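Below is one structure, written out as structure tokens; the observations come after it.
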Amino acid sequence: MAVSRFWRKLRHRYNLIGTHCTTCNTYYYPPRKMCPQCRRDGRIEECRFKGKGVIVTYTVIHAAPENKAVQTPYVLGIVQLDEGPRLTSQIICKPDDARIGMRVQSVFRKLGEDSEQGMIYYGTKFIQD
Amino acid sequence: MRDVAIIGIGCTNFGELWDKSFRDIFVEAGVMAIEDAGVQGEEIDAIYLGNMSAGRFIEQEHLSSLAVDYAGLASINIPSTRVEAACASGGLALRQAVLAVASGYHDIVIAGGAEKMTDVDTDATTDVLAAAADREWEGVMGATFPSIYAMIARLHMHKYGTTSEQLAAVAVKNHYNASMNSRAQYQSPVSIENVLNSSLIADPLHLLDCSPITDGAAAVIVAPAEIAKQYTDTPIHIIASTQTSSTIALHDRKDITTLDSTVAAANKAFNTAKLTPGDIDIAEVHDCFTIAEILAIEDIGFFKKGEGGKATEDGLTAIGAEIPVNASGGLKACGHPVGATGIKQAVEIAEQLRGEAGRRQVDGAEIGLIHNVGGSGGTAVIHILST
Ligand SMILES: [Zn+2]
């Protein structure tokens, strides 16, 4: 992915910053500029999530395109944050240890390495809480 | 609005077609459909072509012009339009053709679909397919396309007790059906053990739970129903054509084990056609992964939520059973050239309703349903066809 495209959402990726609609009190991550419930009546402000949540579902990925920063097998899950929104993220744990319902918390980790552009991507992953 | 019918069908063999180019295969399918309908080139008013990613698979955009040109129709300057909704691109092309004819704007329209996937290596193909999901918030986080359906499968198993054997039963049925389809990429049956012993791609999905990488093209010709008999003795009427959307990312769905776009498209289609799921004699559904067929037969309404796995294991979706699903072999075994799939499904149902499906014929089929999905359910398209 282009450097500029990743950089644009760097703060949100590094610090788990999403958005909150004060009209309907709904939290969004990834961030949204338009509240899907209130649309133009929504009032959007940034918010930083605590990074605690629960695994809704997960998979252990055994086949993926080559990525120097992440070796297969690795665990990918959908995490529901305590504030409400769900996101897709890697879970750092032994493949056999992942469970639906497991409490997790966010950590800052390397997501990928682009050998062509010499760029390393960082972002949020989760570990058992 | 005018009633619309399919008057001609064509489909290439599906597989790794090393000796054929993108333009070779869509011309092959298009010519078959034109000959089948007996229309003259000058009668064709418009083309809609479904394609997901020629830009990345063969570094070619502007397929609209390419299609008209190599179909030999550049001299009559007809409008040609490429449409894209990932794996639902073909379904969209068919729907655009139906709308164009129903509105009265055009009379004879070609709806085609084509994808040439094997000119790049497997890593590149995997990355192109991942573009059907949310690149910034699924792909970058480490998601592959199979991993997204694997997360649906995991939760479906957790909530409803669906088993790996039940997922495998989808693959076993579809490979068996494909063994009676000379166009299919895989024509050898597989066993439950073969599926369970194949390598894990994204747990719980094994290699044989996944549809393959395929080259292929298909085309149908649609016309106003009132003139269809001038071209064919067996017009196939399109009695519902619905398309719906949902969130692009799986994590934003209310229920991760339901494709709400499919539910909405099916409800609208059954309302339009004044039918219920029980009226359908045969269905081609979007089984990009085995779990996807289980979701489809639940979300369309053939079976209750959570009972799709057991229904498949009990043989209720086999040819000759309650509701034959994917008699062609489906995406799973006939192959899944992404942009062509939605049109190939229409070709299969048209053949079945004409009674021309050979060894895999579903006896007495009069009403068929086709279901095409983009991504993990961000788009769904349903057509109901009738003799
Ligand atoms: Zn709101």
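Ordering of the structure tokens sets the chain letters (A, B, ...), residue numbers begin anew at 1 in every chain, and ligands are numbered from 1 in the order given.
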- With only C-alpha atoms and all ligand atoms counted, collect every polymer residue having an atom within 7 Å of ligand 1; state the result as a PyMOL selection string. chain A and resi 21-26+35-39+42-43
>> Using only C-alpha atoms and a distance of at most 6 Å, pull out the residues of chain B that contact chain A, as a list in words.
In response: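 Result, ordered by chain then number: Asp123, Glu138, Met141, Ala150, Met151, Leu155, Ile201, Ala202, Asp203 and His251 of chain B.
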Include N, CA, C and O atoms and write out the residues we just selected as an mmCIF file, in the first residue's frame.
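Result file follows (part.cif):
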data_model
loop_
_atom_site.group_PDB
_atom_site.id
_atom_site.type_symbol
_atom_site.label_atom_id
_atom_site.label_comp_id
_atom_site.auth_asym_id
_atom_site.auth_seq_id
_atom_site.Cartn_x
_atom_site.Cartn_y
_atom_site.Cartn_z
ATOM 1 N N ASP B 123 0.338 -15.809 -5.216
ATOM 2 C CA ASP B 123 0.412 -14.721 -4.239
ATOM 3 C C ASP B 123 -0.285 -13.476 -4.758
ATOM 4 O O ASP B 123 -1.026 -12.806 -4.040
ATOM 5 N N GLU B 138 -9.218 -4.461 6.814
ATOM 6 C CA GLU B 138 -9.181 -5.928 6.917
ATOM 7 C C GLU B 138 -7.840 -6.401 6.348
ATOM 8 O O GLU B 138 -7.050 -7.033 7.041
ATOM 9 N N MET B 141 -4.643 -5.365 8.108
ATOM 10 C CA MET B 141 -4.562 -5.971 9.436
ATOM 11 C C MET B 141 -4.159 -7.447 9.376
ATOM 12 O O MET B 141 -3.964 -8.076 10.413
ATOM 13 N N ALA B 150 -13.455 -17.896 6.879
ATOM 14 C CA ALA B 150 -13.093 -18.807 7.974
ATOM 15 C C ALA B 150 -13.628 -18.285 9.304
ATOM 16 O O ALA B 150 -14.083 -19.061 10.151
ATOM 17 N N MET B 151 -13.592 -16.962 9.486
ATOM 18 C CA MET B 151 -14.125 -16.393 10.742
ATOM 19 C C MET B 151 -15.641 -16.551 10.814
ATOM 20 O O MET B 151 -16.204 -16.743 11.895
ATOM 21 N N LEU B 155 -17.597 -18.993 13.752
ATOM 22 C CA LEU B 155 -18.704 -18.536 14.592
ATOM 23 C C LEU B 155 -19.968 -19.356 14.315
ATOM 24 O O LEU B 155 -20.747 -19.630 15.233
ATOM 25 N N ILE B 201 -6.029 -23.827 5.070
ATOM 26 C CA ILE B 201 -5.753 -22.500 4.490
ATOM 27 C C ILE B 201 -5.980 -21.450 5.567
ATOM 28 O O ILE B 201 -5.101 -20.636 5.859
ATOM 29 N N ALA B 202 -7.166 -21.445 6.129
ATOM 30 C CA ALA B 202 -7.505 -20.595 7.270
ATOM 31 C C ALA B 202 -8.478 -21.426 8.096
ATOM 32 O O ALA B 202 -9.617 -21.645 7.684
ATOM 33 N N ASP B 203 -7.993 -21.902 9.216
ATOM 34 C CA ASP B 203 -8.745 -22.803 10.076
ATOM 35 C C ASP B 203 -10.131 -22.210 10.394
ATOM 36 O O ASP B 203 -10.196 -21.074 10.829
ATOM 37 N N HIS B 251 -16.553 -7.209 9.928
ATOM 38 C CA HIS B 251 -16.686 -6.858 11.356
ATOM 39 C C HIS B 251 -17.818 -5.862 11.625
ATOM 40 O O HIS B 251 -18.239 -5.717 12.761
#
ask   = So which residues touch Val170 of chain B within 12 Å, counting only C-alpha atoms, skipping near sequence neighbours fewer than 3 positions away, as a PyMOL selection string?
value = chain B and resi 163-167+173-177+189-192+195+208-211+285-297+308-318+324-327+329-333
For Val104 of chain A, the closest of A:Asp129, A:Glu116, A:Asp41, A:Asp82 counting only C-alpha atoms is A:Asp129
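Among the candidates B:Met157, B:Ala114, B:Ile370, B:Ala86, the one nearest to Val128 of chain B when counting only C-alpha atoms is B:Ala86.
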- request: From the DSSP assignment of the backbone, select every residue of chain A that is helix (DSSP H, G or I), and format the answer as an MDAnalysis selection string.
  value: chainID A and resid 3:8 10:15 95:97
Emit the selected residues as a short mmCIF file (atom, residue, chain, number, x, y, z; two decimals), in the first residue's frame, including all heavy atoms.
data_model
loop_
_atom_site.label_atom_id
_atom_site.label_comp_id
_atom_site.auth_asym_id
_atom_site.auth_seq_id
_atom_site.Cartn_x
_atom_site.Cartn_y
_atom_site.Cartn_z
N VAL A 3 2.71 4.69 0.70
CA VAL A 3 3.13 5.29 1.97
C VAL A 3 2.11 6.33 2.43
O VAL A 3 1.69 6.35 3.58
CB VAL A 3 4.53 5.92 1.82
CG1 VAL A 3 4.91 6.68 3.08
CG2 VAL A 3 5.56 4.84 1.51
N SER A 4 1.70 7.20 1.51
CA SER A 4 0.78 8.28 1.88
C SER A 4 -0.55 7.72 2.39
O SER A 4 -1.16 8.27 3.31
CB SER A 4 0.52 9.19 0.69
OG SER A 4 -0.02 8.43 -0.37
N ARG A 5 -0.96 6.61 1.81
CA ARG A 5 -2.25 6.05 2.18
C ARG A 5 -2.20 5.50 3.61
O ARG A 5 -3.16 5.61 4.37
CB ARG A 5 -2.60 4.93 1.19
CG ARG A 5 -4.02 4.45 1.33
CD ARG A 5 -4.35 3.50 0.21
NE ARG A 5 -5.61 2.84 0.47
CZ ARG A 5 -6.01 1.75 -0.16
NH1 ARG A 5 -5.26 1.22 -1.10
NH2 ARG A 5 -7.16 1.20 0.14
N PHE A 6 -1.09 4.91 3.97
CA PHE A 6 -0.95 4.38 5.33
C PHE A 6 -0.77 5.52 6.32
O PHE A 6 -1.37 5.55 7.39
CB PHE A 6 0.27 3.44 5.38
CG PHE A 6 0.23 2.52 6.56
CD1 PHE A 6 -0.52 1.36 6.53
CD2 PHE A 6 0.92 2.84 7.73
CE1 PHE A 6 -0.57 0.52 7.62
CE2 PHE A 6 0.87 2.00 8.82
CZ PHE A 6 0.12 0.84 8.77
N TRP A 7 0.07 6.51 5.92
CA TRP A 7 0.39 7.65 6.78
C TRP A 7 -0.86 8.44 7.18
O TRP A 7 -1.00 8.89 8.31
CB TRP A 7 1.37 8.56 6.02
CG TRP A 7 1.64 9.85 6.69
CD1 TRP A 7 2.52 10.11 7.70
CD2 TRP A 7 0.98 11.10 6.41
NE1 TRP A 7 2.47 11.42 8.05
CE2 TRP A 7 1.53 12.06 7.28
CE3 TRP A 7 -0.01 11.49 5.50
CZ2 TRP A 7 1.12 13.39 7.28
CZ3 TRP A 7 -0.43 12.82 5.49
CH2 TRP A 7 0.15 13.74 6.37
N ARG A 8 -1.81 8.54 6.24
CA ARG A 8 -3.03 9.31 6.46
C ARG A 8 -3.78 8.88 7.72
O ARG A 8 -4.42 9.68 8.38
CB ARG A 8 -3.93 9.11 5.22
CG ARG A 8 -4.81 10.27 4.87
CD ARG A 8 -5.45 10.03 3.51
NE ARG A 8 -4.53 10.21 2.40
CZ ARG A 8 -4.44 9.40 1.34
NH1 ARG A 8 -5.21 8.34 1.23
NH2 ARG A 8 -3.58 9.65 0.38
N LEU A 10 -2.30 7.13 10.25
CA LEU A 10 -1.29 6.64 11.18
C LEU A 10 -1.71 6.80 12.64
O LEU A 10 -1.61 5.87 13.43
CB LEU A 10 0.01 7.43 10.94
CG LEU A 10 1.31 6.67 11.14
CD1 LEU A 10 1.38 5.47 10.23
CD2 LEU A 10 2.50 7.60 10.81
N ARG A 11 -2.20 7.96 13.02
CA ARG A 11 -2.59 8.22 14.41
C ARG A 11 -3.66 7.23 14.84
O ARG A 11 -3.64 6.71 15.96
CB ARG A 11 -3.16 9.63 14.54
CG ARG A 11 -2.13 10.74 14.38
CD ARG A 11 -2.81 12.10 14.31
NE ARG A 11 -3.77 12.33 15.38
CZ ARG A 11 -5.08 12.47 15.20
NH1 ARG A 11 -5.60 12.40 13.99
NH2 ARG A 11 -5.87 12.69 16.22
N HIS A 12 -4.61 6.99 13.94
CA HIS A 12 -5.72 6.09 14.27
C HIS A 12 -5.23 4.66 14.44
O HIS A 12 -5.69 3.93 15.30
CB HIS A 12 -6.79 6.17 13.19
CG HIS A 12 -7.25 7.57 12.93
ND1 HIS A 12 -6.57 8.43 12.09
CD2 HIS A 12 -8.30 8.26 13.42
CE1 HIS A 12 -7.20 9.60 12.07
NE2 HIS A 12 -8.25 9.52 12.87
N ARG A 13 -4.25 4.27 13.58
CA ARG A 13 -3.74 2.90 13.66
C ARG A 13 -2.85 2.73 14.89
O ARG A 13 -2.89 1.70 15.56
CB ARG A 13 -2.93 2.56 12.40
CG ARG A 13 -3.77 2.46 11.15
CD ARG A 13 -2.91 1.96 9.98
NE ARG A 13 -3.64 2.00 8.74
CZ ARG A 13 -4.57 1.09 8.38
NH1 ARG A 13 -4.84 0.08 9.17
NH2 ARG A 13 -5.20 1.21 7.23
N TYR A 14 -1.99 3.71 15.17
CA TYR A 14 -1.03 3.59 16.28
C TYR A 14 -1.72 3.67 17.64
O TYR A 14 -1.34 2.99 18.58
CB TYR A 14 0.01 4.72 16.18
CG TYR A 14 1.09 4.50 15.16
CD1 TYR A 14 0.98 3.55 14.16
CD2 TYR A 14 2.27 5.27 15.19
CE1 TYR A 14 1.96 3.37 13.21
CE2 TYR A 14 3.26 5.09 14.24
CZ TYR A 14 3.11 4.15 13.25
OH TYR A 14 4.10 3.98 12.32
N ASN A 15 -2.71 4.55 17.74
CA ASN A 15 -3.26 4.86 19.07
C ASN A 15 -4.69 4.39 19.26
O ASN A 15 -5.33 4.75 20.24
CB ASN A 15 -3.20 6.38 19.28
CG ASN A 15 -1.78 6.90 19.15
OD1 ASN A 15 -0.86 6.33 19.71
ND2 ASN A 15 -1.60 7.95 18.35
N PRO A 95 -1.74 -20.57 18.33
CA PRO A 95 -2.99 -20.86 17.61
C PRO A 95 -3.99 -21.66 18.44
O PRO A 95 -5.19 -21.38 18.37
CB PRO A 95 -2.50 -21.66 16.39
CG PRO A 95 -1.13 -21.11 16.13
CD PRO A 95 -0.55 -20.80 17.49
N ASP A 96 -3.51 -22.60 19.24
CA ASP A 96 -4.44 -23.43 20.02
C ASP A 96 -5.07 -22.69 21.20
O ASP A 96 -6.03 -23.17 21.79
CB ASP A 96 -3.71 -24.68 20.56
CG ASP A 96 -3.43 -25.67 19.45
OD1 ASP A 96 -4.02 -25.52 18.35
OD2 ASP A 96 -2.60 -26.58 19.67
N ASP A 97 -4.49 -21.54 21.55
CA ASP A 97 -4.99 -20.83 22.74
C ASP A 97 -6.14 -19.87 22.43
O ASP A 97 -6.83 -19.43 23.34
CB ASP A 97 -3.85 -20.04 23.40
CG ASP A 97 -2.84 -20.97 24.07
OD1 ASP A 97 -3.15 -22.17 24.19
OD2 ASP A 97 -1.74 -20.50 24.43
#
query = Any idea what's packed within 10 Å of Thr341 of chain B, counting only C-alpha atoms, ignoring anything in its chain fewer than 3 positions away? Could you give it as a list in words?
reply =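 Using only C-alpha atoms, the neighbours found are Gly50, Asn51, Cys87, Ala88, Ser89, Gly90, Gly91, Gly112, Gly113, Ala114, Glu115, Gly216, Ala217, Ala218, His286, Cys288, Gly330, Leu331, Cys334, Gly335, His336, Pro337, Val338, Lys344, Gln345, Ala346, Val347, Asn372 and Val373 of chain B.
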Serialized selection, N, CA and C atoms, as a PDB file, in the first residue's frame:
ATOM      1  N   GLY B  50     -19.224  -8.182 -17.000  1.00  0.00           N
ATOM      2  CA  GLY B  50     -18.811  -8.277 -15.601  1.00  0.00           C
ATOM      3  C   GLY B  50     -17.366  -8.721 -15.516  1.00  0.00           C
ATOM      4  N   ASN B  51     -16.577  -7.985 -14.760  1.00  0.00           N
ATOM      5  CA  ASN B  51     -15.169  -8.345 -14.575  1.00  0.00           C
ATOM      6  C   ASN B  51     -14.693  -7.714 -13.283  1.00  0.00           C
ATOM      7  N   CYS B  87     -16.722 -10.444  -6.793  1.00  0.00           N
ATOM      8  CA  CYS B  87     -17.186 -11.736  -7.300  1.00  0.00           C
ATOM      9  C   CYS B  87     -18.631 -11.666  -7.805  1.00  0.00           C
ATOM     10  N   ALA B  88     -19.330 -10.552  -7.542  1.00  0.00           N
ATOM     11  CA  ALA B  88     -20.710 -10.400  -8.017  1.00  0.00           C
ATOM     12  C   ALA B  88     -20.765  -9.613  -9.328  1.00  0.00           C
ATOM     13  N   SER B  89     -19.637  -9.365  -9.954  1.00  0.00           N
ATOM     14  CA  SER B  89     -19.621  -8.552 -11.178  1.00  0.00           C
ATOM     15  C   SER B  89     -20.517  -9.140 -12.259  1.00  0.00           C
ATOM     16  N   GLY B  90     -20.508 -10.453 -12.420  1.00  0.00           N
ATOM     17  CA  GLY B  90     -21.333 -11.101 -13.437  1.00  0.00           C
ATOM     18  C   GLY B  90     -22.813 -10.917 -13.170  1.00  0.00           C
ATOM     19  N   GLY B  91     -23.205 -11.069 -11.915  1.00  0.00           N
ATOM     20  CA  GLY B  91     -24.604 -10.877 -11.534  1.00  0.00           C
ATOM     21  C   GLY B  91     -25.062  -9.466 -11.833  1.00  0.00           C
ATOM     22  N   GLY B 112     -22.314 -10.390 -20.374  1.00  0.00           N
ATOM     23  CA  GLY B 112     -21.176 -11.308 -20.317  1.00  0.00           C
ATOM     24  C   GLY B 112     -20.431 -11.181 -19.012  1.00  0.00           C
ATOM     25  N   GLY B 113     -19.579 -12.169 -18.751  1.00  0.00           N
ATOM     26  CA  GLY B 113     -18.694 -12.104 -17.594  1.00  0.00           C
ATOM     27  C   GLY B 113     -17.429 -12.843 -17.963  1.00  0.00           C
ATOM     28  N   ALA B 114     -16.286 -12.305 -17.573  1.00  0.00           N
ATOM     29  CA  ALA B 114     -15.024 -12.973 -17.910  1.00  0.00           C
ATOM     30  C   ALA B 114     -13.957 -12.625 -16.894  1.00  0.00           C
ATOM     31  N   GLU B 115     -13.098 -13.599 -16.617  1.00  0.00           N
ATOM     32  CA  GLU B 115     -11.937 -13.339 -15.768  1.00  0.00           C
ATOM     33  C   GLU B 115     -10.812 -14.257 -16.210  1.00  0.00           C
ATOM     34  N   GLY B 216     -12.157 -18.225 -17.229  1.00  0.00           N
ATOM     35  CA  GLY B 216     -13.411 -18.619 -17.881  1.00  0.00           C
ATOM     36  C   GLY B 216     -14.256 -17.422 -18.244  1.00  0.00           C
ATOM     37  N   ALA B 217     -15.196 -17.649 -19.142  1.00  0.00           N
ATOM     38  CA  ALA B 217     -16.105 -16.591 -19.568  1.00  0.00           C
ATOM     39  C   ALA B 217     -17.462 -17.206 -19.883  1.00  0.00           C
ATOM     40  N   ALA B 218     -18.496 -16.390 -19.745  1.00  0.00           N
ATOM     41  CA  ALA B 218     -19.860 -16.833 -20.034  1.00  0.00           C
ATOM     42  C   ALA B 218     -20.642 -15.648 -20.567  1.00  0.00           C
ATOM     43  N   HIS B 286     -23.846 -18.945  -4.356  1.00  0.00           N
ATOM     44  CA  HIS B 286     -22.462 -18.486  -4.363  1.00  0.00           C
ATOM     45  C   HIS B 286     -21.635 -19.219  -3.301  1.00  0.00           C
ATOM     46  N   CYS B 288     -18.304 -19.697  -2.806  1.00  0.00           N
ATOM     47  CA  CYS B 288     -16.869 -19.421  -2.948  1.00  0.00           C
ATOM     48  C   CYS B 288     -16.082 -20.224  -1.921  1.00  0.00           C
ATOM     49  N   GLY B 330     -21.018 -25.782  -8.877  1.00  0.00           N
ATOM     50  CA  GLY B 330     -20.834 -24.537  -8.127  1.00  0.00           C
ATOM     51  C   GLY B 330     -19.488 -23.887  -8.386  1.00  0.00           C
ATOM     52  N   LEU B 331     -19.220 -22.843  -7.631  1.00  0.00           N
ATOM     53  CA  LEU B 331     -17.932 -22.171  -7.735  1.00  0.00           C
ATOM     54  C   LEU B 331     -16.842 -23.130  -7.277  1.00  0.00           C
ATOM     55  N   CYS B 334     -16.927 -26.419 -10.254  1.00  0.00           N
ATOM     56  CA  CYS B 334     -16.965 -26.003 -11.668  1.00  0.00           C
ATOM     57  C   CYS B 334     -15.896 -24.947 -11.895  1.00  0.00           C
ATOM     58  N   GLY B 335     -15.582 -24.188 -10.831  1.00  0.00           N
ATOM     59  CA  GLY B 335     -14.560 -23.154 -10.925  1.00  0.00           C
ATOM     60  C   GLY B 335     -15.151 -21.776 -10.712  1.00  0.00           C
ATOM     61  N   HIS B 336     -14.269 -20.815 -10.396  1.00  0.00           N
ATOM     62  CA  HIS B 336     -14.744 -19.477 -10.018  1.00  0.00           C
ATOM     63  C   HIS B 336     -13.894 -18.383 -10.670  1.00  0.00           C
ATOM     64  N   PRO B 337     -14.063 -18.207 -12.007  1.00  0.00           N
ATOM     65  CA  PRO B 337     -13.455 -17.033 -12.645  1.00  0.00           C
ATOM     66  C   PRO B 337     -14.312 -15.837 -12.232  1.00  0.00           C
ATOM     67  N   VAL B 338     -13.871 -15.090 -11.237  1.00  0.00           N
ATOM     68  CA  VAL B 338     -14.768 -14.242 -10.445  1.00  0.00           C
ATOM     69  C   VAL B 338     -15.800 -13.446 -11.248  1.00  0.00           C
ATOM     70  N   LYS B 344     -22.255 -17.454 -15.581  1.00  0.00           N
ATOM     71  CA  LYS B 344     -22.233 -18.917 -15.685  1.00  0.00           C
ATOM     72  C   LYS B 344     -23.391 -19.535 -14.911  1.00  0.00           C
ATOM     73  N   GLN B 345     -23.726 -18.943 -13.761  1.00  0.00           N
ATOM     74  CA  GLN B 345     -24.865 -19.454 -12.982  1.00  0.00           C
ATOM     75  C   GLN B 345     -26.151 -19.343 -13.805  1.00  0.00           C
ATOM     76  N   ALA B 346     -26.297 -18.229 -14.546  1.00  0.00           N
ATOM     77  CA  ALA B 346     -27.498 -18.046 -15.384  1.00  0.00           C
ATOM     78  C   ALA B 346     -27.511 -19.058 -16.529  1.00  0.00           C
ATOM     79  N   VAL B 347     -26.331 -19.319 -17.104  1.00  0.00           N
ATOM     80  CA  VAL B 347     -26.234 -20.311 -18.184  1.00  0.00           C
ATOM     81  C   VAL B 347     -26.670 -21.682 -17.665  1.00  0.00           C
ATOM     82  N   ASN B 372     -25.573 -14.565  -6.381  1.00  0.00           N
ATOM     83  CA  ASN B 372     -24.189 -14.177  -6.646  1.00  0.00           C
ATOM     84  C   ASN B 372     -23.797 -13.144  -5.574  1.00  0.00           C
ATOM     85  N   VAL B 373     -22.641 -13.345  -4.957  1.00  0.00           N
ATOM     86  CA  VAL B 373     -22.218 -12.482  -3.841  1.00  0.00           C
ATOM     87  C   VAL B 373     -20.899 -11.797  -4.176  1.00  0.00           C
TER      88      VAL B 373
END
Just list as a count of residues only whatever in segment 13-126 of chain A DSSP marks as strand (DSSP E or B).
60
Interatomic distance between atom CA of Thr214 of chain B and atom CA of Glu16 of chain B?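 Between these atoms lies a distance of 5.8 Å.
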If I take atom CA of Gln185 of chain B and atom CA of Arg359 of chain B, how far is one from the other in Å, to one decimal?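 Straight-line distance from atom CA of Gln185 of chain B to atom CA of Arg359 of chain B works out to 16.8 Å.
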Problem set entry | Test item: residues at most 6 Å from segment 41-48 of chain B, only C-alpha atoms, excluding those fewer than 3 positions along its chain, as a list in words |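 Here the answer would be Ile78, Pro79, Ser80, Thr81, Arg82, Ala93, His106, Ile108, Val109, Ile110 and Ala111 of chain B.
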Write a file of the selected residues as a PDB file, in the first residue's frame, keeping C-alpha atoms.
ATOM      1  CA  ILE B  78     -22.905   0.095 -29.778  1.00  0.00           C
ATOM      2  CA  PRO B  79     -22.611   1.082 -26.113  1.00  0.00           C
ATOM      3  CA  SER B  80     -20.550  -1.278 -23.997  1.00  0.00           C
ATOM      4  CA  THR B  81     -20.172  -1.110 -20.231  1.00  0.00           C
ATOM      5  CA  ARG B  82     -17.947  -2.968 -17.793  1.00  0.00           C
ATOM      6  CA  ALA B  93     -23.876  -7.359 -15.630  1.00  0.00           C
ATOM      7  CA  HIS B 106     -32.618  -1.512 -25.585  1.00  0.00           C
ATOM      8  CA  ILE B 108     -31.196  -7.248 -27.667  1.00  0.00           C
ATOM      9  CA  VAL B 109     -28.451  -7.033 -25.038  1.00  0.00           C
ATOM     10  CA  ILE B 110     -25.460  -9.251 -24.257  1.00  0.00           C
ATOM     11  CA  ALA B 111     -24.637  -9.799 -20.595  1.00  0.00           C
TER      12      ALA B 111
END
Please provide the set of residues having any atom within 7 Å of Ile239 of chain B, restricted to only C-alpha atoms, with same-chain residues fewer than 6 positions apart removed, written as a PDB file with N, CA, C and O atoms, in the first residue's frame.
ATOM      1  N   ALA B 273     -41.489 -11.948  -7.575  1.00  0.00           N
ATOM      2  CA  ALA B 273     -41.945 -13.100  -8.358  1.00  0.00           C
ATOM      3  C   ALA B 273     -43.208 -13.734  -7.773  1.00  0.00           C
ATOM      4  O   ALA B 273     -43.766 -14.652  -8.363  1.00  0.00           O
ATOM      5  N   ILE B 384     -34.454 -14.787 -10.379  1.00  0.00           N
ATOM      6  CA  ILE B 384     -35.303 -15.976 -10.447  1.00  0.00           C
ATOM      7  C   ILE B 384     -35.713 -16.155 -11.905  1.00  0.00           C
ATOM      8  O   ILE B 384     -36.162 -15.200 -12.559  1.00  0.00           O
ATOM      9  N   LEU B 385     -35.474 -17.373 -12.400  1.00  0.00           N
ATOM     10  CA  LEU B 385     -35.730 -17.694 -13.800  1.00  0.00           C
ATOM     11  C   LEU B 385     -36.858 -18.716 -13.898  1.00  0.00           C
ATOM     12  O   LEU B 385     -37.003 -19.562 -13.003  1.00  0.00           O
ATOM     13  N   SER B 386     -37.612 -18.639 -14.979  1.00  0.00           N
ATOM     14  CA  SER B 386     -38.758 -19.528 -15.122  1.00  0.00           C
ATOM     15  C   SER B 386     -38.917 -19.932 -16.588  1.00  0.00           C
ATOM     16  O   SER B 386     -38.579 -19.159 -17.482  1.00  0.00           O
TER      17      SER B 386
END
| message | Would you compute the distance between atom CA of Ser182 of chain B and atom CA of Asp215 of chain B? Give it in Å to one decimal. | response |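 Atom-to-atom, atom CA of Ser182 of chain B to atom CA of Asp215 of chain B, that is 15.1 Å.
With only C-alpha atoms taken into account, the protein and nucleic acid residues at most 10 Å from Ala2 of chain A (excluding it and anything under 5 positions from it in its own chain) are Trp7, Asp114, Gln117 and Met119 of chain A.
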